[in-house]
Amino acid sequence: SMYLMNDRFVKDDEVTISIEDRGYYFGDGVYEVIRVYGGAMFTAEEHIGRLYESAEKIRMELPYGEEEMIAKLARLVADNGVKEGHVYVQATRGAAPRVHQFPGEGITPVITAYTKSYPDHAPAAEPAKLKSAADIRWLRCDIKSLNLLANVMAKQEAFEAGCTEALLHRDGTVTEGSSSNMFGVKDGVIHTHPVSNFILNGITRRVIMQCCEELGQPVKEEPMALEDVYEMDEFFLSSTTNGILPVSEIDGRKIGDGHPGPVTERLMAAFESKLPEPIAT
Ligand code: PLP
């Protein structure tokens, strides 16, 4: 399959990344993952909008604009024949001798993108089991940065406990997951962390908020206390790759009866109705 390298489309054996790339040295860059449903990218404008916002927040100027980026990624999806899958795109500050401060004039960002096709007839993901973990990340979690070490450590901690995702908390206040946003349901009301520097403003979260508005589903954008999540009636997470995923257990304690609840199921149906129509083959 083909890859995007800056403004060129190349074969995998033609991809060359410098050992001095600042993404490799410092995680000095930003990225996005865009889901492809039925051959079409879903919410590409929102994802690429966030990519350019993340780049701006780290004071990195990309060599071409959002529209051109979307067109290039659409071409990659088409050329690689992706039906169900995703596109990964990242931009680093470029390759230069290793000093922490920004490189001087003439160093340009390095953009790479690839596609991944999912296997046909893949079974739906199982409900998630969460393990709570301290959120030890920096204070700019609103930036979708390549620096993911704290997320990696939390996810590993969850996996070693037999769980699929970490439920991050700062001093007992739930923020989000290591690669997802988190939602609890209590007495018919959805609770989720407000958009701030403590979470990534998820694109799936935004679609969910839109669905809630359309359904007249009450939402409280207020942080949840970790000690309260075990008593929630329902719990779910959201991410580009999983959409809405019900949560059956947190720290070994069952949520509700362990099956997706009515609020979660209604939202999942509303979310699905927003996806591109599958292309008949
Ligand atoms: N929070 C974090 C830390 C993430 O890495 C992600 C995505 O991977 C999300 C939330 C969910 O965001 P989105 O719905 O845009 O994929």
# chains A, B, ... in the order shown; residues from 1 in each chain; ligands from 1
>>> residues_near_ligand(ligand="ligand 1", cutoff="6 Å", atoms="only C-alpha atoms and all ligand atoms", output="VMD selection string")
chain A and resid 177 to 181 200 202 to 205 238 to 240
>>> residues_around(residues="Asn197 in chain A", least_positions_apart="6", cutoff="9 Å", atoms="only C-alpha atoms", output="CSV table (one decimal) with C-alpha atoms, in the first residue's frame")
chain,number,residue,atom,x,y,z
A,139,LEU,CA,-1.4,20.0,31.8
A,140,ARG,CA,-2.0,20.3,28.0
A,141,CYS,CA,-4.0,17.2,27.4
A,142,ASP,CA,-6.1,19.2,24.9
A,143,ILE,CA,-3.2,18.9,22.4
>>> atom_distance(atom1="CA of Ala40 in chain A", atom2="CA of Pro276 in chain A")
6.9 Å
>>> atom_distance(atom1="CA of Gly65 in chain A", atom2="CA of Val33 in chain A")
17.7 Å
>>> closest_residue(among="A:Val229, A:Ala124, A:Leu245, A:Val87", to="Val185 in chain A", atoms="only C-alpha atoms")
A:Val229
>>> closest_residue(among="A:Lys254, A:Ser1, A:Val82, A:Ser145", to="Lys57 in chain A", atoms="only C-alpha atoms")
A:Ser145
>>> residues_around(residues="Ala113 in chain A", least_positions_apart="2", cutoff="6 Å", atoms="only C-alpha atoms", output="list of chain:residue names")
A:Tyr3, A:Leu4, A:Tyr88, A:Val89
>>> closest_residue(among="A:Asp120, A:Asp13, A:Glu53, A:Asp7", to="Arg75 in chain A", atoms="only C-alpha atoms")
A:Asp7
>>> residues_around(residues="Met153 in chain A", least_positions_apart="2", cutoff="12 Å", atoms="only C-alpha atoms", output="JSON, numbers by chain")
{"A": [133, 134, 135, 136, 137, 147, 148, 149, 150, 151, 155, 156, 157, 158, 159, 160, 165, 166, 168, 178, 179]}
>>> write_last_selection(atoms="C-alpha atoms", output="compact mmCIF listing (two decimals), in the first residue's frame")
# COMPACT_ATOMS: atom_id res chain seq x y z
CA ALA A 133 -4.99 4.70 37.11
CA ALA A 134 -3.42 7.97 38.19
CA ASP A 135 -3.46 10.58 35.43
CA ILE A 136 0.19 11.65 35.54
CA ARG A 137 0.12 13.48 32.17
CA ASN A 147 4.16 12.39 23.61
CA LEU A 148 2.13 9.43 24.85
CA LEU A 149 4.37 7.87 27.49
CA ALA A 150 1.96 8.45 30.39
CA ASN A 151 -0.89 7.06 28.24
CA LYS A 155 -2.81 1.35 29.21
CA GLN A 156 -0.17 -1.27 30.09
CA GLU A 157 -1.21 -1.12 33.75
CA ALA A 158 -4.81 -1.78 32.64
CA PHE A 159 -3.80 -4.67 30.35
CA GLU A 160 -1.75 -6.32 33.09
CA GLU A 165 -8.64 0.56 29.06
CA ALA A 166 -7.39 2.79 31.88
CA LEU A 168 -7.56 8.13 34.39
CA SER A 178 -5.67 6.61 27.98
CA SER A 179 -7.10 6.81 24.43
>>> atom_distance(atom1="CA of Ala95 in chain A", atom2="CA of Glu20 in chain A")
5.0 Å
>>> residues_around(residues="Thr173 in chain A", least_positions_apart="4", cutoff="7 Å", atoms="only C-alpha atoms", output="PyMOL selection string")
chain A and resi 169+223-226
>>> residues_around(residues="Glu126 in chain A", least_positions_apart="3", cutoff="9 Å", atoms="only C-alpha atoms", output="PyMOL selection string")
chain A and resi 123+245-247
>>> closest_residue(among="A:Val207, A:Met2, A:Val195, A:Val15", to="Leu275 in chain A", atoms="only C-alpha atoms")
A:Val207
>>> residues_around(residues="range 260-268 of chain A", least_positions_apart="6", cutoff="9 Å", atoms="only C-alpha atoms", output="number ranges by chain")
A: 127, 185, 188-190, 208, 211-212, 215, 217, 233-236, 243-248
>>> select_by_dssp(residues="range 95-133 of chain A", states="strand (DSSP E)", output="mmCIF file with C-alpha atoms, in the first residue's frame")
data_model
loop_
_atom_site.group_PDB
_atom_site.id
_atom_site.type_symbol
_atom_site.label_atom_id
_atom_site.label_comp_id
_atom_site.auth_asym_id
_atom_site.auth_seq_id
_atom_site.Cartn_x
_atom_site.Cartn_y
_atom_site.Cartn_z
ATOM 1 C CA VAL A 110 7.726 15.970 8.410
ATOM 2 C CA ILE A 111 4.243 14.680 7.582
ATOM 3 C CA THR A 112 3.515 10.969 7.266
ATOM 4 C CA ALA A 113 0.250 9.087 6.875
ATOM 5 C CA TYR A 114 -0.818 5.508 6.311
ATOM 6 C CA THR A 115 -4.086 3.602 6.131
ATOM 7 C CA LYS A 116 -5.153 0.443 7.934
ATOM 8 C CA SER A 117 -7.911 -1.828 6.635
ATOM 9 C CA ALA A 128 -14.694 -2.759 28.072
ATOM 10 C CA LYS A 129 -13.300 -3.506 31.512
ATOM 11 C CA LEU A 130 -11.588 -0.500 33.059
ATOM 12 C CA LYS A 131 -8.789 -0.180 35.576
ATOM 13 C CA SER A 132 -8.453 3.149 37.352
ATOM 14 C CA ALA A 133 -4.988 4.696 37.108
#
>>> select_by_dssp(residues="range 34-252 of chain A", states="alpha helix (DSSP H)", output="PyMOL selection string")
chain A and resi 44-57+66-79+149-160+203-215+226-229
>>> write_last_selection(atoms="C-alpha atoms", output="PDB file, in the first residue's frame")
ATOM      1  CA  ALA A  44     -12.485  14.351   8.440  1.00  0.00           C
ATOM      2  CA  GLU A  45     -12.950  18.152   8.676  1.00  0.00           C
ATOM      3  CA  GLU A  46     -13.164  17.977  12.482  1.00  0.00           C
ATOM      4  CA  HIS A  47     -10.094  15.736  12.758  1.00  0.00           C
ATOM      5  CA  ILE A  48      -7.965  17.805  10.422  1.00  0.00           C
ATOM      6  CA  GLY A  49      -9.235  20.976  12.104  1.00  0.00           C
ATOM      7  CA  ARG A  50      -8.002  19.564  15.408  1.00  0.00           C
ATOM      8  CA  LEU A  51      -4.667  18.526  13.831  1.00  0.00           C
ATOM      9  CA  TYR A  52      -4.001  22.092  12.721  1.00  0.00           C
ATOM     10  CA  GLU A  53      -5.144  23.441  16.111  1.00  0.00           C
ATOM     11  CA  SER A  54      -2.770  21.042  17.883  1.00  0.00           C
ATOM     12  CA  ALA A  55       0.038  22.142  15.535  1.00  0.00           C
ATOM     13  CA  GLU A  56      -0.703  25.795  16.253  1.00  0.00           C
ATOM     14  CA  LYS A  57      -0.720  25.166  20.024  1.00  0.00           C
ATOM     15  CA  GLU A  66      -6.429  21.729   5.833  1.00  0.00           C
ATOM     16  CA  GLU A  67      -8.268  21.256   2.540  1.00  0.00           C
ATOM     17  CA  GLU A  68      -5.173  19.973   0.803  1.00  0.00           C
ATOM     18  CA  MET A  69      -4.503  17.621   3.720  1.00  0.00           C
ATOM     19  CA  ILE A  70      -8.025  16.187   3.550  1.00  0.00           C
ATOM     20  CA  ALA A  71      -7.723  15.735  -0.230  1.00  0.00           C
ATOM     21  CA  LYS A  72      -4.390  13.914   0.183  1.00  0.00           C
ATOM     22  CA  LEU A  73      -5.779  11.589   2.864  1.00  0.00           C
ATOM     23  CA  ALA A  74      -8.899  10.904   0.767  1.00  0.00           C
ATOM     24  CA  ARG A  75      -6.645   9.932  -2.124  1.00  0.00           C
ATOM     25  CA  LEU A  76      -4.654   7.620   0.165  1.00  0.00           C
ATOM     26  CA  VAL A  77      -7.885   5.924   1.328  1.00  0.00           C
ATOM     27  CA  ALA A  78      -9.060   5.497  -2.275  1.00  0.00           C
ATOM     28  CA  ASP A  79      -5.692   4.331  -3.669  1.00  0.00           C
ATOM     29  CA  LEU A 149       4.372   7.868  27.489  1.00  0.00           C
ATOM     30  CA  ALA A 150       1.964   8.447  30.393  1.00  0.00           C
ATOM     31  CA  ASN A 151      -0.892   7.056  28.243  1.00  0.00           C
ATOM     32  CA  VAL A 152       1.249   4.031  27.318  1.00  0.00           C
ATOM     33  CA  MET A 153       2.084   3.329  30.980  1.00  0.00           C
ATOM     34  CA  ALA A 154      -1.574   3.610  32.042  1.00  0.00           C
ATOM     35  CA  LYS A 155      -2.806   1.348  29.208  1.00  0.00           C
ATOM     36  CA  GLN A 156      -0.174  -1.266  30.094  1.00  0.00           C
ATOM     37  CA  GLU A 157      -1.211  -1.124  33.751  1.00  0.00           C
ATOM     38  CA  ALA A 158      -4.810  -1.779  32.636  1.00  0.00           C
ATOM     39  CA  PHE A 159      -3.801  -4.671  30.345  1.00  0.00           C
ATOM     40  CA  GLU A 160      -1.751  -6.322  33.086  1.00  0.00           C
ATOM     41  CA  ILE A 203     -14.350  14.111  17.934  1.00  0.00           C
ATOM     42  CA  THR A 204     -16.504  11.108  18.897  1.00  0.00           C
ATOM     43  CA  ARG A 205     -17.400  12.971  22.123  1.00  0.00           C
ATOM     44  CA  ARG A 206     -18.576  15.899  19.984  1.00  0.00           C
ATOM     45  CA  VAL A 207     -20.788  13.612  17.874  1.00  0.00           C
ATOM     46  CA  ILE A 208     -22.180  12.095  21.097  1.00  0.00           C
ATOM     47  CA  MET A 209     -23.009  15.557  22.477  1.00  0.00           C
ATOM     48  CA  GLN A 210     -24.822  16.324  19.215  1.00  0.00           C
ATOM     49  CA  CYS A 211     -26.777  13.048  19.494  1.00  0.00           C
ATOM     50  CA  CYS A 212     -27.711  13.889  23.105  1.00  0.00           C
ATOM     51  CA  GLU A 213     -29.032  17.276  22.027  1.00  0.00           C
ATOM     52  CA  GLU A 214     -31.103  15.692  19.260  1.00  0.00           C
ATOM     53  CA  LEU A 215     -32.444  12.998  21.620  1.00  0.00           C
ATOM     54  CA  LEU A 226     -13.710   8.191  40.997  1.00  0.00           C
ATOM     55  CA  GLU A 227     -15.478   6.895  44.128  1.00  0.00           C
ATOM     56  CA  ASP A 228     -18.868   7.577  42.449  1.00  0.00           C
ATOM     57  CA  VAL A 229     -18.264   5.711  39.175  1.00  0.00           C
TER      58      VAL A 229
END
>>> closest_residue(among="A:Tyr37, A:Gly184, A:Asn201, A:Glu221", to="Gly256 in chain A", atoms="only C-alpha atoms")
A:Gly184
>>> closest_residue(among="A:Ala270, A:Phe198, A:Asn6, A:Thr164", to="Ile250 in chain A", atoms="only C-alpha atoms")
A:Thr164
>>> decode(residues="range 132-176 of chain A", atoms="C-alpha atoms", output="short mmCIF file (atom, residue, chain, number, x, y, z; two decimals), in the first residue's frame")
data_model
loop_
_atom_site.label_atom_id
_atom_site.label_comp_id
_atom_site.auth_asym_id
_atom_site.auth_seq_id
_atom_site.Cartn_x
_atom_site.Cartn_y
_atom_site.Cartn_z
CA SER A 132 -8.45 3.15 37.35
CA ALA A 133 -4.99 4.70 37.11
CA ALA A 134 -3.42 7.97 38.19
CA ASP A 135 -3.46 10.58 35.43
CA ILE A 136 0.19 11.65 35.54
CA ARG A 137 0.12 13.48 32.17
CA TRP A 138 1.12 17.09 31.62
CA LEU A 139 -1.38 19.96 31.79
CA ARG A 140 -2.01 20.29 28.03
CA CYS A 141 -4.02 17.15 27.37
CA ASP A 142 -6.08 19.23 24.90
CA ILE A 143 -3.17 18.89 22.45
CA LYS A 144 -3.11 15.60 20.51
CA SER A 145 0.64 15.29 20.92
CA LEU A 146 2.94 12.40 19.99
CA ASN A 147 4.16 12.39 23.61
CA LEU A 148 2.13 9.43 24.85
CA LEU A 149 4.37 7.87 27.49
CA ALA A 150 1.96 8.45 30.39
CA ASN A 151 -0.89 7.06 28.24
CA VAL A 152 1.25 4.03 27.32
CA MET A 153 2.08 3.33 30.98
CA ALA A 154 -1.57 3.61 32.04
CA LYS A 155 -2.81 1.35 29.21
CA GLN A 156 -0.17 -1.27 30.09
CA GLU A 157 -1.21 -1.12 33.75
CA ALA A 158 -4.81 -1.78 32.64
CA PHE A 159 -3.80 -4.67 30.35
CA GLU A 160 -1.75 -6.32 33.09
CA ALA A 161 -4.88 -6.21 35.28
CA GLY A 162 -6.88 -8.00 32.56
CA CYS A 163 -8.62 -4.79 31.48
CA THR A 164 -8.91 -3.10 28.09
CA GLU A 165 -8.64 0.56 29.06
CA ALA A 166 -7.39 2.79 31.88
CA LEU A 167 -9.79 5.17 33.63
CA LEU A 168 -7.56 8.13 34.39
CA HIS A 169 -8.10 10.31 37.46
CA ARG A 170 -6.34 13.36 38.87
CA ASP A 171 -6.49 13.15 42.66
CA GLY A 172 -9.74 11.19 42.54
CA THR A 173 -11.38 13.22 39.75
CA VAL A 174 -12.02 11.24 36.55
CA THR A 175 -10.60 12.92 33.44
CA GLU A 176 -10.72 10.47 30.49
#
